[in-house]
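Below is input.txt, which holds compact mmCIF, C-alpha atoms.
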```
# COMPACT_ATOMS: atom_id res chain seq x y z
CA MET A 107 63.84 174.80 63.29
CA THR A 108 64.45 171.31 64.63
CA GLU A 109 61.22 170.58 66.43
CA ALA A 110 57.60 171.45 65.81
CA ARG A 111 56.25 174.30 67.86
CA GLY A 112 54.11 172.06 70.08
CA VAL A 113 57.03 170.30 71.75
CA LEU A 114 59.29 173.28 72.32
CA ARG A 115 60.24 174.15 75.88
CA ASP A 116 60.36 177.63 77.36
CA VAL A 117 63.63 179.48 76.83
CA THR A 118 65.17 180.51 80.16
CA PRO A 119 68.27 182.69 80.72
CA GLU A 120 70.16 179.45 81.47
CA ILE A 121 69.27 178.08 78.03
CA VAL A 122 70.44 181.29 76.35
CA ALA A 123 73.68 181.03 78.32
CA GLU A 124 74.18 177.41 77.22
CA VAL A 125 73.82 178.32 73.55
CA ARG A 126 76.05 181.39 73.87
CA ALA A 127 78.72 179.23 75.51
CA MET A 128 78.43 176.71 72.67
CA ILE A 129 78.96 179.48 70.09
CA ALA A 130 81.94 180.88 72.02
CA ALA A 131 83.59 177.46 72.33
CA ALA A 132 83.06 176.14 68.79
CA ARG A 133 86.25 175.74 66.73
CA TYR A 134 84.52 174.16 63.72
CA GLY A 135 81.06 173.47 62.45
CA ALA A 136 78.98 172.17 59.56
CA LEU A 137 77.75 174.90 57.26
CA ALA A 138 74.66 174.41 55.08
CA THR A 139 74.52 176.55 51.96
CA ARG A 140 72.66 176.38 48.66
CA SER A 141 74.57 175.45 45.53
CA PRO A 142 74.36 178.23 42.94
CA VAL A 143 74.83 175.56 40.25
CA ASP A 144 71.82 173.34 40.89
CA GLY A 145 70.16 174.60 44.11
CA TRP A 146 71.23 171.50 46.07
CA PRO A 147 71.76 171.96 49.83
CA VAL A 148 75.48 171.56 50.55
CA ALA A 149 77.02 170.67 53.92
CA THR A 150 80.69 171.59 54.37
CA ARG A 151 83.07 171.92 57.29
CA VAL A 152 84.27 175.38 58.31
CA GLY A 153 86.77 176.58 60.89
CA LEU A 154 85.28 179.04 63.38
CA ALA A 155 86.19 181.97 65.55
CA VAL A 156 83.96 184.57 67.24
CA HIS A 157 84.21 188.30 66.58
CA GLU A 158 81.88 190.91 68.08
CA GLY A 159 79.62 188.09 69.24
CA SER A 160 79.08 186.46 65.84
CA PRO A 161 80.69 183.35 64.36
CA LEU A 162 83.48 184.29 61.93
CA ILE A 163 84.65 182.06 59.07
CA LEU A 164 87.68 182.32 56.77
CA ILE A 165 86.90 180.69 53.45
CA SER A 166 88.76 179.96 50.23
CA ALA A 167 87.59 181.06 46.80
CA LEU A 168 88.21 177.43 45.78
CA ALA A 169 85.59 176.10 48.21
CA ALA A 170 81.99 175.51 47.12
CA HIS A 171 80.51 177.38 50.08
CA THR A 172 82.22 180.63 49.08
CA ALA A 173 80.48 180.87 45.70
CA ALA A 174 77.27 179.67 47.35
CA LEU A 175 77.30 182.40 50.03
CA ARG A 176 78.12 185.09 47.47
CA ALA A 177 75.09 184.01 45.42
CA ASP A 178 72.79 183.58 48.46
CA PRO A 179 73.95 184.61 51.96
CA ARG A 180 71.34 182.45 53.72
CA CYS A 181 73.01 179.59 55.55
CA SER A 182 72.96 177.63 58.76
CA LEU A 183 75.69 176.42 61.06
CA LEU A 184 75.53 173.24 63.13
CA ILE A 185 77.77 173.17 66.20
CA GLY A 186 77.72 171.30 69.49
CA GLU A 187 79.01 168.44 71.53
CA VAL A 188 80.96 165.76 69.72
CA PRO A 189 78.98 162.52 70.11
CA ASP A 190 80.78 159.90 72.16
CA LYS A 191 79.43 156.42 72.88
CA GLY A 192 75.69 155.85 72.90
CA ASP A 193 73.08 157.57 70.78
CA PRO A 194 74.59 160.49 68.85
CA LEU A 195 71.23 162.28 69.14
CA ALA A 196 71.53 162.38 72.93
CA PHE A 197 74.33 164.97 72.64
CA ALA A 198 73.53 168.67 72.61
CA ARG A 199 73.77 170.64 69.38
CA VAL A 200 72.40 173.84 67.94
CA THR A 201 71.49 174.92 64.43
CA LEU A 202 72.13 178.63 63.94
CA LYS A 203 70.13 180.16 61.11
CA CYS A 204 72.46 182.84 59.76
CA ARG A 205 73.05 185.40 57.06
CA ALA A 206 76.67 185.64 55.89
CA VAL A 207 78.21 189.09 55.51
CA GLU A 208 81.65 189.57 53.97
CA VAL A 209 84.02 191.51 56.24
CA ALA A 210 87.35 193.16 55.46
CA CYS A 211 90.46 191.58 56.93
CA GLY A 212 91.11 194.34 59.46
CA ASP A 213 93.51 193.90 62.36
CA ALA A 214 90.79 193.02 64.89
CA VAL A 215 89.14 190.46 62.63
CA ARG A 216 92.47 188.88 61.73
CA ALA A 217 93.57 188.73 65.37
CA ALA A 218 90.27 187.21 66.53
CA TYR A 219 90.50 184.50 63.92
CA LEU A 220 94.14 183.68 64.60
CA GLN A 221 93.52 183.51 68.33
CA ALA A 222 90.98 180.75 67.74
CA GLN A 223 92.82 179.18 64.81
CA PRO A 224 96.57 179.82 65.11
CA LYS A 225 97.39 177.38 62.31
CA ALA A 226 95.44 179.58 59.88
CA GLU A 227 98.46 181.90 59.86
CA LEU A 228 99.62 179.76 56.92
CA TYR A 229 96.83 181.04 54.67
CA VAL A 230 95.08 184.00 56.32
CA ASP A 231 96.90 186.50 54.11
CA LEU A 232 96.49 184.65 50.80
CA PRO A 233 94.47 186.73 48.31
CA ASP A 234 91.81 184.09 47.68
CA PHE A 235 90.72 183.86 51.33
CA THR A 236 87.80 185.91 52.64
CA PHE A 237 86.31 186.53 56.08
CA MET A 238 82.57 186.30 56.52
CA ARG A 239 80.56 187.03 59.64
CA LEU A 240 77.59 184.75 60.24
CA VAL A 241 74.88 186.99 61.67
CA VAL A 242 72.57 184.76 63.70
CA GLU A 243 68.88 185.32 62.95
CA SER A 244 67.52 182.50 65.10
CA ALA A 245 68.57 179.20 66.63
CA SER A 246 67.20 175.75 67.19
CA TYR A 247 68.82 174.15 70.23
CA ASN A 248 68.42 170.44 70.84
CA ALA A 249 69.89 169.44 74.17
CA GLY A 250 68.83 165.79 73.86
CA PHE A 251 65.54 163.95 73.58
CA GLY A 252 62.57 166.05 74.64
CA ARG A 253 64.75 169.12 75.23
CA ALA A 254 64.20 171.36 72.21
CA TYR A 255 64.19 175.15 72.21
CA ALA A 256 63.70 177.90 69.61
CA LEU A 257 65.72 181.07 70.30
CA GLY A 258 65.66 184.49 68.68
CA GLY A 259 68.87 185.88 67.24
CA GLU A 260 69.01 189.06 69.37
CA ALA A 261 69.74 187.15 72.57
CA LEU A 262 72.65 185.35 70.94
CA ARG A 263 74.45 188.22 69.26
CA GLY A 264 77.01 190.61 70.73
CA MET B 526 81.56 170.17 45.19
CA THR B 527 84.17 171.51 47.60
CA GLU B 528 86.92 172.54 45.23
CA ALA B 529 87.01 174.08 41.80
CA ARG B 530 87.72 171.65 39.00
CA GLY B 531 91.26 172.98 38.42
CA VAL B 532 92.66 171.82 41.75
CA LEU B 533 91.08 168.39 41.92
CA ARG B 534 93.32 165.37 42.10
CA ASP B 535 92.85 162.13 40.19
CA VAL B 536 90.59 159.60 41.89
CA THR B 537 92.45 156.31 42.43
CA PRO B 538 90.98 153.03 43.77
CA GLU B 539 92.64 153.88 47.12
CA ILE B 540 90.70 157.16 47.29
CA VAL B 541 87.42 155.37 46.55
CA ALA B 542 88.27 152.88 49.31
CA GLU B 543 88.97 155.70 51.77
CA VAL B 544 85.60 157.31 51.13
CA ARG B 545 83.75 153.98 51.26
CA ALA B 546 85.40 153.24 54.61
CA MET B 547 84.35 156.66 55.88
CA ILE B 548 80.72 155.98 54.91
CA ALA B 549 80.81 152.52 56.52
CA ALA B 550 82.24 153.87 59.78
CA ALA B 551 80.09 156.98 60.21
CA ARG B 552 77.67 156.85 63.18
CA TYR B 553 76.44 160.42 62.75
CA GLY B 554 76.68 163.28 60.32
CA ALA B 555 75.49 166.77 59.45
CA LEU B 556 72.60 166.79 57.01
CA ALA B 557 71.91 169.82 54.80
CA THR B 558 68.32 170.19 53.63
CA ARG B 559 66.18 173.05 52.34
CA SER B 560 63.49 174.48 54.57
CA PRO B 561 60.06 174.14 52.96
CA VAL B 562 58.98 177.21 54.95
CA ASP B 563 61.43 179.81 53.66
CA GLY B 564 63.95 177.98 51.45
CA TRP B 565 66.77 178.46 53.97
CA PRO B 566 69.52 175.81 53.98
CA VAL B 567 69.28 173.87 57.27
CA ALA B 568 72.09 171.86 58.90
CA THR B 569 70.97 169.22 61.41
CA ARG B 570 72.56 166.22 63.08
CA VAL B 571 71.43 162.74 62.10
CA GLY B 572 72.28 159.28 63.40
CA LEU B 573 73.59 156.96 60.67
CA ALA B 574 73.71 153.32 59.71
CA VAL B 575 74.48 151.71 56.35
CA HIS B 576 72.06 149.45 54.49
CA GLU B 577 72.70 147.98 51.06
CA GLY B 578 75.66 150.29 50.71
CA SER B 579 73.78 153.55 51.32
CA PRO B 580 73.58 155.72 54.42
CA LEU B 581 70.35 155.09 56.32
CA ILE B 582 68.71 157.62 58.66
CA LEU B 583 65.84 157.25 61.13
CA ILE B 584 64.07 160.57 61.54
CA SER B 585 61.23 161.96 63.62
CA ALA B 586 58.18 163.70 62.20
CA LEU B 587 58.91 166.42 64.77
CA ALA B 588 62.30 167.24 63.22
CA ALA B 589 62.67 169.98 60.63
CA HIS B 590 64.68 167.79 58.24
CA THR B 591 61.79 165.31 57.88
CA ALA B 592 59.35 167.87 56.46
CA ALA B 593 62.21 169.30 54.38
CA LEU B 594 63.11 165.96 52.78
CA ARG B 595 59.46 165.17 52.07
CA ALA B 596 59.13 168.50 50.25
CA ASP B 597 62.51 168.22 48.45
CA PRO B 598 64.58 165.01 48.69
CA ARG B 599 67.81 166.74 47.64
CA CYS B 600 70.25 166.87 50.55
CA SER B 601 73.87 166.43 51.45
CA LEU B 602 75.59 164.64 54.28
CA LEU B 603 78.90 165.71 55.82
CA ILE B 604 80.86 162.97 57.59
CA GLY B 605 84.49 162.44 58.44
CA GLU B 606 87.21 162.62 61.01
CA VAL B 607 86.46 164.51 64.21
CA PRO B 608 88.91 167.42 64.35
CA ASP B 609 91.37 167.20 67.21
CA LYS B 610 94.03 169.79 68.02
CA GLY B 611 95.35 171.96 65.23
CA ASP B 612 93.51 173.25 62.18
CA PRO B 613 90.06 171.62 61.90
CA LEU B 614 90.38 171.86 58.11
CA ALA B 615 93.39 169.55 58.13
CA PHE B 616 91.13 166.60 59.03
CA ALA B 617 89.53 164.48 56.31
CA ARG B 618 85.84 164.85 55.56
CA VAL B 619 83.49 164.14 52.69
CA THR B 620 80.31 165.81 51.49
CA LEU B 621 77.92 163.27 49.98
CA LYS B 622 75.41 164.78 47.59
CA CYS B 623 72.33 162.60 48.10
CA ARG B 624 68.71 162.07 47.27
CA ALA B 625 66.59 160.81 50.18
CA VAL B 626 64.19 157.95 49.57
CA GLU B 627 61.71 156.83 52.23
CA VAL B 628 61.98 153.10 52.99
CA ALA B 629 59.61 150.81 54.87
CA CYS B 630 60.71 149.56 58.27
CA GLY B 631 61.31 145.96 57.16
CA ASP B 632 63.26 143.49 59.28
CA ALA B 633 66.55 144.00 57.40
CA VAL B 634 66.37 147.80 57.55
CA ARG B 635 65.44 147.76 61.23
CA ALA B 636 68.24 145.29 62.08
CA ALA B 637 70.85 147.26 60.14
CA TYR B 638 69.92 150.45 61.95
CA LEU B 639 69.86 148.87 65.40
CA GLN B 640 73.21 147.19 64.81
CA ALA B 641 74.78 150.63 64.27
CA GLN B 642 72.58 152.43 66.81
CA PRO B 643 71.47 150.00 69.55
CA LYS B 644 70.10 152.84 71.71
CA ALA B 645 67.57 153.63 68.94
CA GLU B 646 65.59 150.61 70.16
CA LEU B 647 63.85 153.13 72.45
CA TYR B 648 62.14 154.88 69.51
CA VAL B 649 62.58 152.81 66.34
CA ASP B 650 59.02 151.45 66.56
CA LEU B 651 57.29 154.73 67.38
CA PRO B 652 54.78 155.68 64.67
CA ASP B 653 56.28 159.10 63.96
CA PHE B 654 59.73 157.77 63.02
CA THR B 655 60.64 157.07 59.41
CA PHE B 656 63.61 155.47 57.69
CA MET B 657 65.14 157.17 54.69
CA ARG B 658 67.94 155.93 52.48
CA LEU B 659 70.38 158.57 51.26
CA VAL B 660 71.24 157.56 47.71
CA VAL B 661 74.65 159.06 46.94
CA GLU B 662 74.79 160.87 43.61
CA SER B 663 78.32 162.24 43.96
CA ALA B 664 80.87 163.10 46.59
CA SER B 665 83.40 165.78 47.36
CA TYR B 666 86.25 164.40 49.45
CA ASN B 667 88.64 166.75 51.17
CA ALA B 668 91.48 164.86 52.80
CA GLY B 669 93.27 168.01 53.96
CA PHE B 670 94.87 171.00 52.25
CA GLY B 671 95.57 170.42 48.59
CA ARG B 672 93.95 166.97 48.67
CA ALA B 673 90.52 167.41 47.09
CA TYR B 674 88.69 164.84 44.97
CA ALA B 675 85.35 164.66 43.15
CA LEU B 676 83.84 161.17 43.01
CA GLY B 677 80.86 159.78 41.14
CA GLY B 678 78.08 158.09 43.07
CA GLU B 679 78.28 154.69 41.34
CA ALA B 680 81.66 153.86 42.86
CA LEU B 681 80.34 154.59 46.36
CA ARG B 682 77.06 152.69 46.32
CA GLY B 683 76.42 149.02 47.09
```
Please go through the file and, once you have read it, give me the structure as structure tokens.
Amino acid sequence: MTEARGVLRDVTPEIVAEVRAMIAAARYGALATRSPVDGWPVATRVGLAVHEGSPLILISALAAHTAALRADPRCSLLIGEVPDKGDPLAFARVTLKCRAVEVACGDAVRAAYLQAQPKAELYVDLPDFTFMRLVVESASYNAGFGRAYALGGEALRG
Amino acid sequence: MTEARGVLRDVTPEIVAEVRAMIAAARYGALATRSPVDGWPVATRVGLAVHEGSPLILISALAAHTAALRADPRCSLLIGEVPDKGDPLAFARVTLKCRAVEVACGDAVRAAYLQAQPKAELYVDLPDFTFMRLVVESASYNAGFGRAYALGGEALRG
């Protein structure tokens, strides 16, 4: 997704492990959705947990991304290293191409989210909050200049 | 864009100043574009500078967002505080709804970018890199729970 096919490197088990570790460690990310009002791409911040191998978000009915995902579940999630000094593009990040699926607030889902985001206890039970699972269909991993990889979703789920 | 109209707060000159300061300080952001291949929303990281009051990006022809912006210049840019401990949604961030406009690599544009991103000297003159200005049409500022604002683009440009 990030680099043209010709410059992609081969995906090794180590690369898959790097991306899986990035997904497991991410506590927030930038979500791209499509506005149902005017079709504009919208980038918003989401809090993250992982449940059954997929990123899990808890979103408010007041937030633009919630209406957007209900109208069109196609989205992508950008996570990765926080850039420090130097070129921000030298730091590793991955774009996960996902499909959002609403999930009921069962005990396991609630516990997984609160383990990653204990402060969410303040609003997790409010009626206008909804859990969605982001099912990863593919990923574009950019580990710095000249280190781009395209990964299938199967290797990253579960 | 982030919150429904009913919960938005009044925009004061101090709020405009906060968002302008956030734009001026941002060295990177998450860009949402629309894939020309399948229409999927795509979130990617971009390096940022400011020129003539607008965010300025320098993008590679190899990157997915470049083809996306050439096919559809509508995009949005998420910038803001880097979440630390606690709830990542308690940290201020703004979504800038933008239209990307390609700009020639004149001396002033080049100097503005390199001032913000000195390491980009390595690739700024390569033929497959292009500058684009992100003209802000509106903004959705979320300064933490219960502190959401919708701003027009005029107040944030120039």
task = Name the closest residue to B:Leu621 among the candidates B:Leu587, B:Ala668, B:Ile548, B:Leu594; distances are taken between atoms, counting only C-alpha atoms.
result = B:Ile548
remark   = For A:Leu184, the closest of A:Leu228, A:Ala138, A:Val143, A:Ala214 counting all atoms listed in the file is A:Ala138
message = At a cut-off of 8 Å, which residues of chain A touch chain B? Count only C-alpha atoms and give the answer as a PyMOL selection string.
response = chain A and resi 107-110+133-134+136-140+146-153+168-171+180-184+188+192-195+199+201+203+223-226
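What separates atom CA of A:Arg115 from atom CA of B:Leu583 is a distance of 23.1 Å.
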query = atom CA of B:Val649 and atom CA of B:Val626 are how many Å apart?
reply = 17.6 Å
Within 9 Å of A:Phe237 using all atoms listed in the file, minus same-chain residues under 6 positions, as a PyMOL selection string = chain A and resi 162-165+207-211+215-216
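The residues that lie within 8 Å of the point (75.3, 188.9, 68.3), counting only C-alpha atoms, are Glu158, Gly159, Ser160, Val241, Val242, Gly259, Glu260, Ala261, Leu262, Arg263 and Gly264 of chain A.
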Interatomic distance, atom CA of A:Pro142 to atom CA of B:Phe670 (Å, one decimal) =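 Answer for the atom CA of A:Pro142 to atom CA of B:Phe670 separation: 23.7 Å.
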inquiry  = Could you list, as JSON, numbers by chain, every residue within 12 Å of B:Val536, counting all atoms listed in the file and ignoring same-chain residues fewer than 3 positions away?
reply    = {"B": [533, 539, 540, 541, 542, 543, 544, 664, 665, 666, 667, 672, 673, 674, 675, 676, 677, 680]}
